[in-house]
file query.pdb (PDB, C-alpha atoms, pLDDT in the B column)
MODEL        1
ATOM      1  CA  MET A1046       0.000   0.000   0.000  1.00 51.00           C
ATOM      2  CA  ARG A1047       1.403   3.357  -1.029  1.00 64.00           C
ATOM      3  CA  GLU A1048       0.890   6.134   1.481  1.00 91.00           C
ATOM      4  CA  SER A1049       2.166   9.666   1.325  1.00 93.00           C
ATOM      5  CA  VAL A1050       2.328  13.016   3.072  1.00 95.00           C
ATOM      6  CA  GLN A1051       2.188  16.296   1.184  1.00 97.00           C
ATOM      7  CA  ALA A1052       2.393  19.941   2.181  1.00 97.00           C
ATOM      8  CA  GLU A1053       2.936  23.278   0.502  1.00 97.00           C
ATOM      9  CA  VAL A1054       4.995  26.009   2.117  1.00 97.00           C
ATOM     10  CA  MET A1055       6.068  29.435   0.990  1.00 97.00           C
ATOM     11  CA  MET A1056       9.825  29.939   0.948  1.00 97.00           C
ATOM     12  CA  SER A1057      11.984  32.908   0.098  1.00 96.00           C
ATOM     13  CA  PHE A1058      14.296  32.382  -2.859  1.00 94.00           C
ATOM     14  CA  LEU A1059      17.354  34.444  -1.893  1.00 94.00           C
ATOM     15  CA  VAL A1060      18.820  35.667  -5.170  1.00 90.00           C
ATOM     16  CA  SER A1061      21.234  38.081  -3.463  1.00 89.00           C
ATOM     17  CA  GLU A1062      21.476  40.040  -0.227  1.00 87.00           C
ATOM     18  CA  GLU A1063      19.277  42.715  -1.797  1.00 91.00           C
ATOM     19  CA  LEU A1064      16.846  40.557  -3.781  1.00 92.00           C
ATOM     20  CA  SER A1065      14.542  37.728  -2.734  1.00 93.00           C
ATOM     21  CA  PHE A1066      11.044  36.628  -3.600  1.00 91.00           C
ATOM     22  CA  ARG A1067       8.502  34.183  -2.210  1.00 95.00           C
ATOM     23  CA  ILE A1068       7.761  30.957  -4.053  1.00 95.00           C
ATOM     24  CA  PRO A1069       5.534  27.956  -3.336  1.00 96.00           C
ATOM     25  CA  VAL A1070       7.383  24.755  -2.526  1.00 97.00           C
ATOM     26  CA  GLU A1071       5.684  21.359  -2.390  1.00 97.00           C
ATOM     27  CA  LEU A1072       6.983  18.915   0.214  1.00 98.00           C
ATOM     28  CA  TYR A1073       6.345  15.251  -0.513  1.00 97.00           C
ATOM     29  CA  TYR A1074       7.074  11.980   1.305  1.00 96.00           C
ATOM     30  CA  GLU A1075       5.926   8.474   0.450  1.00 93.00           C
ATOM     31  CA  THR A1076       6.331   5.109   2.097  1.00 90.00           C
ATOM     32  CA  CYS A1077       7.692   3.444  -1.038  1.00 87.00           C
ATOM     33  CA  ASP A1078      10.820   5.622  -0.625  1.00 89.00           C
ATOM     34  CA  PRO A1079      10.879   5.999   3.173  1.00 92.00           C
ATOM     35  CA  TYR A1080      14.350   7.500   3.520  1.00 92.00           C
ATOM     36  CA  ALA A1081      13.745  10.487   1.214  1.00 94.00           C
ATOM     37  CA  VAL A1082      11.736  13.674   1.028  1.00 96.00           C
ATOM     38  CA  ARG A1083      11.088  15.602  -2.165  1.00 97.00           C
ATOM     39  CA  LEU A1084      10.866  19.359  -2.485  1.00 97.00           C
ATOM     40  CA  THR A1085       9.428  20.806  -5.695  1.00 97.00           C
ATOM     41  CA  PHE A1086      10.299  24.464  -6.237  1.00 94.00           C
ATOM     42  CA  HIS A1087       7.998  26.558  -8.426  1.00 92.00           C
ATOM     43  CA  LEU A1088      10.245  29.319  -9.730  1.00 85.00           C
ATOM     44  CA  PRO A1089       8.628  32.064 -11.820  1.00 82.00           C
ATOM     45  CA  GLY A1090       9.078  31.531 -15.530  1.00 85.00           C
ATOM     46  CA  ASP A1091      10.691  28.092 -15.152  1.00 85.00           C
ATOM     47  CA  ALA A1092       9.448  24.533 -15.040  1.00 90.00           C
ATOM     48  CA  PRO A1093       9.134  23.165 -11.493  1.00 93.00           C
ATOM     49  CA  VAL A1094      12.360  21.702 -10.124  1.00 92.00           C
ATOM     50  CA  THR A1095      12.287  18.717  -7.757  1.00 94.00           C
ATOM     51  CA  TRP A1096      15.069  17.805  -5.358  1.00 94.00           C
ATOM     52  CA  ALA A1097      15.111  14.553  -3.407  1.00 94.00           C
ATOM     53  CA  PHE A1098      17.317  14.072  -0.371  1.00 94.00           C
ATOM     54  CA  GLY A1099      17.368  12.251   2.944  1.00 93.00           C
ATOM     55  CA  ARG A1100      14.521  12.900   5.359  1.00 94.00           C
ATOM     56  CA  GLU A1101      17.029  12.678   8.201  1.00 95.00           C
ATOM     57  CA  LEU A1102      19.035  15.529   6.638  1.00 96.00           C
ATOM     58  CA  LEU A1103      15.976  17.778   6.803  1.00 96.00           C
ATOM     59  CA  VAL A1104      15.229  16.667  10.375  1.00 95.00           C
ATOM     60  CA  ASP A1105      18.810  17.410  11.479  1.00 95.00           C
ATOM     61  CA  GLY A1106      19.099  20.644   9.483  1.00 95.00           C
ATOM     62  CA  VAL A1107      16.207  22.290  11.302  1.00 94.00           C
ATOM     63  CA  GLY A1108      18.263  22.215  14.503  1.00 93.00           C
ATOM     64  CA  ARG A1109      21.899  22.398  13.393  1.00 94.00           C
ATOM     65  CA  PRO A1110      24.004  22.943  10.274  1.00 94.00           C
ATOM     66  CA  CYS A1111      24.381  19.741   8.280  1.00 95.00           C
ATOM     67  CA  GLY A1112      24.800  18.334   4.828  1.00 94.00           C
ATOM     68  CA  ASP A1113      27.576  17.347   2.503  1.00 86.00           C
ATOM     69  CA  GLY A1114      27.711  17.696  -1.236  1.00 87.00           C
ATOM     70  CA  ASP A1115      24.792  19.297  -3.057  1.00 94.00           C
ATOM     71  CA  VAL A1116      22.417  19.901  -0.136  1.00 96.00           C
ATOM     72  CA  HIS A1117      23.137  21.934   3.005  1.00 96.00           C
ATOM     73  CA  ILE A1118      20.510  22.778   5.611  1.00 97.00           C
ATOM     74  CA  ALA A1119      20.976  24.951   8.682  1.00 96.00           C
ATOM     75  CA  PRO A1120      19.100  27.218  11.064  1.00 95.00           C
ATOM     76  CA  ALA A1121      19.258  30.822   9.842  1.00 92.00           C
ATOM     77  CA  GLU A1122      20.258  31.982  13.321  1.00 89.00           C
ATOM     78  CA  PRO A1123      22.513  29.859  15.535  1.00 78.00           C
ATOM     79  CA  ASP A1124      20.895  28.887  18.834  1.00 75.00           C
ATOM     80  CA  ALA A1125      17.453  30.069  17.705  1.00 73.00           C
ATOM     81  CA  PHE A1126      14.405  28.214  16.420  1.00 76.00           C
ATOM     82  CA  GLY A1127      12.972  30.297  13.615  1.00 87.00           C
ATOM     83  CA  ASP A1128      13.972  30.109   9.991  1.00 95.00           C
ATOM     84  CA  VAL A1129      15.895  27.427   8.124  1.00 96.00           C
ATOM     85  CA  LEU A1130      18.251  27.934   5.184  1.00 97.00           C
ATOM     86  CA  ILE A1131      18.343  25.315   2.430  1.00 97.00           C
ATOM     87  CA  ARG A1132      21.242  25.566  -0.021  1.00 96.00           C
ATOM     88  CA  LEU A1133      21.162  23.467  -3.170  1.00 95.00           C
ATOM     89  CA  GLN A1134      24.119  23.235  -5.513  1.00 93.00           C
ATOM     90  CA  VAL A1135      24.796  21.683  -8.916  1.00 87.00           C
ATOM     91  CA  GLY A1136      28.345  22.259 -10.077  1.00 85.00           C
ATOM     92  CA  GLY A1137      28.968  25.992  -9.739  1.00 86.00           C
ATOM     93  CA  ASP A1138      25.261  26.886  -9.652  1.00 87.00           C
ATOM     94  CA  ARG A1139      23.726  27.514  -6.235  1.00 91.00           C
ATOM     95  CA  ALA A1140      20.273  28.343  -4.965  1.00 92.00           C
ATOM     96  CA  LEU A1141      19.472  29.484  -1.437  1.00 95.00           C
ATOM     97  CA  PHE A1142      16.021  29.246   0.130  1.00 96.00           C
ATOM     98  CA  ARG A1143      14.702  30.420   3.489  1.00 96.00           C
ATOM     99  CA  SER A1144      11.744  28.752   5.167  1.00 96.00           C
ATOM    100  CA  GLY A1145      10.069  29.008   8.494  1.00 96.00           C
ATOM    101  CA  ALA A1146      10.999  26.054  10.688  1.00 95.00           C
ATOM    102  CA  VAL A1147       7.437  25.518  11.909  1.00 96.00           C
ATOM    103  CA  PRO A1148       5.926  24.287   8.603  1.00 97.00           C
ATOM    104  CA  LEU A1149       8.948  22.044   8.000  1.00 97.00           C
ATOM    105  CA  VAL A1150       8.643  20.511  11.467  1.00 96.00           C
ATOM    106  CA  ALA A1151       4.884  20.039  10.995  1.00 97.00           C
ATOM    107  CA  PHE A1152       5.544  18.201   7.711  1.00 97.00           C
ATOM    108  CA  LEU A1153       8.285  16.072   9.285  1.00 96.00           C
ATOM    109  CA  ASP A1154       5.979  15.240  12.194  1.00 96.00           C
ATOM    110  CA  ARG A1155       3.397  13.938   9.721  1.00 96.00           C
ATOM    111  CA  THR A1156       6.052  11.800   7.980  1.00 94.00           C
ATOM    112  CA  ASP A1157       7.125  10.431  11.364  1.00 94.00           C
ATOM    113  CA  LYS A1158       3.554   9.380  12.119  1.00 93.00           C
ATOM    114  CA  LEU A1159       3.486   7.508   8.813  1.00 90.00           C
ATOM    115  CA  VAL A1160       6.965   5.952   9.193  1.00 88.00           C
ATOM    116  CA  PRO A1161       8.811   6.664  12.461  1.00 87.00           C
ATOM    117  CA  LEU A1162      12.365   7.915  11.956  1.00 85.00           C
ATOM    118  CA  GLY A1163      14.709   4.948  12.230  1.00 82.00           C
ATOM    119  CA  GLN A1164      11.992   2.464  11.257  1.00 76.00           C
ATOM    120  CA  GLU A1165      12.247   2.940   7.486  1.00 83.00           C
ATOM    121  CA  GLY A1166      13.928  -0.432   6.947  1.00 78.00           C
ATOM    122  CA  SER A1167      11.141  -2.292   8.708  1.00 73.00           C
ATOM    123  CA  LEU A1168       8.659  -1.653   5.933  1.00 69.00           C
ATOM    124  CA  ALA A1169       7.824  -5.062   4.511  1.00 55.00           C
ATOM    125  CA  ASP A1170       7.509  -3.795   0.957  1.00 61.00           C
ATOM    126  CA  PHE A1171      10.489  -1.409   0.946  1.00 55.00           C
ATOM    127  CA  ASP A1172      12.757  -3.654  -1.119  1.00 58.00           C
ATOM    128  CA  ALA A1173       9.947  -4.405  -3.541  1.00 60.00           C
ATOM    129  CA  HIS A1174       9.329  -0.689  -4.151  1.00 62.00           C
ATOM    130  CA  LEU A1175      12.947   0.472  -4.179  1.00 64.00           C
ATOM    131  CA  ASP A1176      13.455  -0.421  -7.840  1.00 69.00           C
ATOM    132  CA  GLU A1177      10.164   1.294  -8.724  1.00 73.00           C
ATOM    133  CA  ALA A1178      11.218   4.478  -6.915  1.00 72.00           C
ATOM    134  CA  LEU A1179      14.647   4.486  -8.561  1.00 74.00           C
ATOM    135  CA  ASP A1180      13.092   3.933 -12.000  1.00 79.00           C
ATOM    136  CA  ARG A1181      10.691   6.843 -11.392  1.00 80.00           C
ATOM    137  CA  ILE A1182      13.530   9.151 -10.319  1.00 80.00           C
ATOM    138  CA  LEU A1183      15.579   8.222 -13.386  1.00 80.00           C
ATOM    139  CA  ALA A1184      12.561   8.771 -15.645  1.00 83.00           C
ATOM    140  CA  GLU A1185      11.982  12.210 -14.090  1.00 79.00           C
ATOM    141  CA  GLU A1186      15.620  13.152 -14.653  1.00 79.00           C
ATOM    142  CA  GLN A1187      15.554  11.953 -18.252  1.00 82.00           C
ATOM    143  CA  SER A1188      12.335  13.837 -19.014  1.00 79.00           C
ATOM    144  CA  THR A1189      13.758  17.120 -17.715  1.00 70.00           C
ATOM    145  CA  GLY A1190      17.066  17.018 -19.467  1.00 62.00           C
TER     146      GLY A1190
ENDMDL
END

call {"tool": "encode", "arguments": {"input": "query.pdb", "output": "structure tokens"}}
result
Amino acid sequence: MRESVQAEVMMSFLVSEELSFRIPVELYYETCDPYAVRLTFHLPGDAPVTWAFGRELLVDGVGRPCGDGDVHIAPAEPDAFGDVLIRLQVGGDRALFRSGAVPLVAFLDRTDKLVPLGQEGSLADFDAHLDEALDRILAEEQSTG
């Protein structure tokens, strides 16, 4: 059985220190890929862009700086619960987004009720759906580029 959690939040796309604008971002989690969350960014004038990364990275990033490689997540202010910065990078291209922590935590709480953090591997059908999820991700990548 496929189950999912979805939410939409408004984030600021920080183009520079002087320029930012608000965009809708869809958050998506499904049990057939229990380790990952997907964020779809709706940038003006562009096709939506979806990033998938570890749910645990988002959980950790709300409270402390974390991430290696293409995705970095950190509180906007050290020692304060408020906004979260999400930096995405492909090669030399970077995008920085700012979100309130509260909607992210509410989304993560809903994912935890569906599949408790640390219990992802106990899903009986995880292995059966892993190939399906990987095929879908590859198909999405091939259709966008």

call {"tool": "closest_residue", "arguments": {"input": "query.pdb", "among": "A:Val1147, A:Ile1131, A:Phe1142, A:Ile1182", "to": "Leu1064 (chain A)", "atoms": "all atoms listed in the file"}}
result
A:Phe1142

call {"tool": "atom_distance", "arguments": {"input": "query.pdb", "atom1": "CA of Glu1063 (chain A)", "atom2": "CA of Asp1124 (chain A)"}}
result
24.9 Å

call {"tool": "atom_distance", "arguments": {"input": "query.pdb", "atom1": "CA of Glu1071 (chain A)", "atom2": "CA of Thr1095 (chain A)"}}
result
8.9 Å

call {"tool": "atom_distance", "arguments": {"input": "query.pdb", "atom1": "CA of Pro1123 (chain A)", "atom2": "CA of Arg1109 (chain A)"}}
result
7.8 Å

call {"tool": "axis_aligned_box", "arguments": {"input": "query.pdb", "around": "region 1065-1074 of chain A", "padding_each_side": "3 Å", "output": "JSON"}}
result
{"center_x": 10.0, "center_y": 24.9, "center_z": -1.4, "size_x": 15.0, "size_y": 31.7, "size_z": 11.4}

call {"tool": "resolve_selection", "arguments": {"input": "query.pdb", "expression": "the PyMOL selection byres ((chain A and resi 1127) around 9)", "output": "number ranges by chain"}}
result
A: 1107, 1120-1122, 1125-1126, 1128-1129, 1144-1147

call {"tool": "residues_around", "arguments": {"input": "query.pdb", "residues": "region 1150-1152 of chain A", "least_positions_apart": "4", "cutoff": "8 Å", "atoms": "only C-alpha atoms", "output": "mmCIF file with C-alpha atoms, in the coordinates of the input"}}
result
data_model
loop_
_atom_site.group_PDB
_atom_site.id
_atom_site.type_symbol
_atom_site.label_atom_id
_atom_site.label_comp_id
_atom_site.auth_asym_id
_atom_site.auth_seq_id
_atom_site.Cartn_x
_atom_site.Cartn_y
_atom_site.Cartn_z
ATOM 1 C CA VAL A 1050 2.328 13.016 3.072
ATOM 2 C CA GLN A 1051 2.188 16.296 1.184
ATOM 3 C CA ALA A 1052 2.393 19.941 2.181
ATOM 4 C CA LEU A 1072 6.983 18.915 0.214
ATOM 5 C CA VAL A 1104 15.229 16.667 10.375
ATOM 6 C CA VAL A 1107 16.207 22.290 11.302
ATOM 7 C CA ALA A 1146 10.999 26.054 10.688
ATOM 8 C CA THR A 1156 6.052 11.800 7.980
#

call {"tool": "closest_residue", "arguments": {"input": "query.pdb", "among": "A:His1117, A:Arg1083, A:Lys1158, A:Arg1139", "to": "Val1070 (chain A)", "atoms": "only C-alpha atoms"}}
result
A:Arg1083

call {"tool": "decode", "arguments": {"input": "query.pdb", "residues": "region 1072-1187 of chain A", "atoms": "C-alpha atoms", "output": "short mmCIF file (atom, residue, chain, number, x, y, z; two decimals), in the first residue's frame"}}
result
data_model
loop_
_atom_site.label_atom_id
_atom_site.label_comp_id
_atom_site.auth_asym_id
_atom_site.auth_seq_id
_atom_site.Cartn_x
_atom_site.Cartn_y
_atom_site.Cartn_z
CA LEU A 1072 6.98 18.91 0.21
CA TYR A 1073 6.35 15.25 -0.51
CA TYR A 1074 7.07 11.98 1.31
CA GLU A 1075 5.93 8.47 0.45
CA THR A 1076 6.33 5.11 2.10
CA CYS A 1077 7.69 3.44 -1.04
CA ASP A 1078 10.82 5.62 -0.63
CA PRO A 1079 10.88 6.00 3.17
CA TYR A 1080 14.35 7.50 3.52
CA ALA A 1081 13.75 10.49 1.21
CA VAL A 1082 11.74 13.67 1.03
CA ARG A 1083 11.09 15.60 -2.16
CA LEU A 1084 10.87 19.36 -2.48
CA THR A 1085 9.43 20.81 -5.70
CA PHE A 1086 10.30 24.46 -6.24
CA HIS A 1087 8.00 26.56 -8.43
CA LEU A 1088 10.25 29.32 -9.73
CA PRO A 1089 8.63 32.06 -11.82
CA GLY A 1090 9.08 31.53 -15.53
CA ASP A 1091 10.69 28.09 -15.15
CA ALA A 1092 9.45 24.53 -15.04
CA PRO A 1093 9.13 23.17 -11.49
CA VAL A 1094 12.36 21.70 -10.12
CA THR A 1095 12.29 18.72 -7.76
CA TRP A 1096 15.07 17.81 -5.36
CA ALA A 1097 15.11 14.55 -3.41
CA PHE A 1098 17.32 14.07 -0.37
CA GLY A 1099 17.37 12.25 2.94
CA ARG A 1100 14.52 12.90 5.36
CA GLU A 1101 17.03 12.68 8.20
CA LEU A 1102 19.03 15.53 6.64
CA LEU A 1103 15.98 17.78 6.80
CA VAL A 1104 15.23 16.67 10.37
CA ASP A 1105 18.81 17.41 11.48
CA GLY A 1106 19.10 20.64 9.48
CA VAL A 1107 16.21 22.29 11.30
CA GLY A 1108 18.26 22.21 14.50
CA ARG A 1109 21.90 22.40 13.39
CA PRO A 1110 24.00 22.94 10.27
CA CYS A 1111 24.38 19.74 8.28
CA GLY A 1112 24.80 18.33 4.83
CA ASP A 1113 27.58 17.35 2.50
CA GLY A 1114 27.71 17.70 -1.24
CA ASP A 1115 24.79 19.30 -3.06
CA VAL A 1116 22.42 19.90 -0.14
CA HIS A 1117 23.14 21.93 3.00
CA ILE A 1118 20.51 22.78 5.61
CA ALA A 1119 20.98 24.95 8.68
CA PRO A 1120 19.10 27.22 11.06
CA ALA A 1121 19.26 30.82 9.84
CA GLU A 1122 20.26 31.98 13.32
CA PRO A 1123 22.51 29.86 15.53
CA ASP A 1124 20.89 28.89 18.83
CA ALA A 1125 17.45 30.07 17.70
CA PHE A 1126 14.40 28.21 16.42
CA GLY A 1127 12.97 30.30 13.62
CA ASP A 1128 13.97 30.11 9.99
CA VAL A 1129 15.89 27.43 8.12
CA LEU A 1130 18.25 27.93 5.18
CA ILE A 1131 18.34 25.32 2.43
CA ARG A 1132 21.24 25.57 -0.02
CA LEU A 1133 21.16 23.47 -3.17
CA GLN A 1134 24.12 23.24 -5.51
CA VAL A 1135 24.80 21.68 -8.92
CA GLY A 1136 28.35 22.26 -10.08
CA GLY A 1137 28.97 25.99 -9.74
CA ASP A 1138 25.26 26.89 -9.65
CA ARG A 1139 23.73 27.51 -6.24
CA ALA A 1140 20.27 28.34 -4.97
CA LEU A 1141 19.47 29.48 -1.44
CA PHE A 1142 16.02 29.25 0.13
CA ARG A 1143 14.70 30.42 3.49
CA SER A 1144 11.74 28.75 5.17
CA GLY A 1145 10.07 29.01 8.49
CA ALA A 1146 11.00 26.05 10.69
CA VAL A 1147 7.44 25.52 11.91
CA PRO A 1148 5.93 24.29 8.60
CA LEU A 1149 8.95 22.04 8.00
CA VAL A 1150 8.64 20.51 11.47
CA ALA A 1151 4.88 20.04 10.99
CA PHE A 1152 5.54 18.20 7.71
CA LEU A 1153 8.28 16.07 9.28
CA ASP A 1154 5.98 15.24 12.19
CA ARG A 1155 3.40 13.94 9.72
CA THR A 1156 6.05 11.80 7.98
CA ASP A 1157 7.12 10.43 11.36
CA LYS A 1158 3.55 9.38 12.12
CA LEU A 1159 3.49 7.51 8.81
CA VAL A 1160 6.96 5.95 9.19
CA PRO A 1161 8.81 6.66 12.46
CA LEU A 1162 12.36 7.92 11.96
CA GLY A 1163 14.71 4.95 12.23
CA GLN A 1164 11.99 2.46 11.26
CA GLU A 1165 12.25 2.94 7.49
CA GLY A 1166 13.93 -0.43 6.95
CA SER A 1167 11.14 -2.29 8.71
CA LEU A 1168 8.66 -1.65 5.93
CA ALA A 1169 7.82 -5.06 4.51
CA ASP A 1170 7.51 -3.79 0.96
CA PHE A 1171 10.49 -1.41 0.95
CA ASP A 1172 12.76 -3.65 -1.12
CA ALA A 1173 9.95 -4.40 -3.54
CA HIS A 1174 9.33 -0.69 -4.15
CA LEU A 1175 12.95 0.47 -4.18
CA ASP A 1176 13.46 -0.42 -7.84
CA GLU A 1177 10.16 1.29 -8.72
CA ALA A 1178 11.22 4.48 -6.92
CA LEU A 1179 14.65 4.49 -8.56
CA ASP A 1180 13.09 3.93 -12.00
CA ARG A 1181 10.69 6.84 -11.39
CA ILE A 1182 13.53 9.15 -10.32
CA LEU A 1183 15.58 8.22 -13.39
CA ALA A 1184 12.56 8.77 -15.64
CA GLU A 1185 11.98 12.21 -14.09
CA GLU A 1186 15.62 13.15 -14.65
CA GLN A 1187 15.55 11.95 -18.25
#
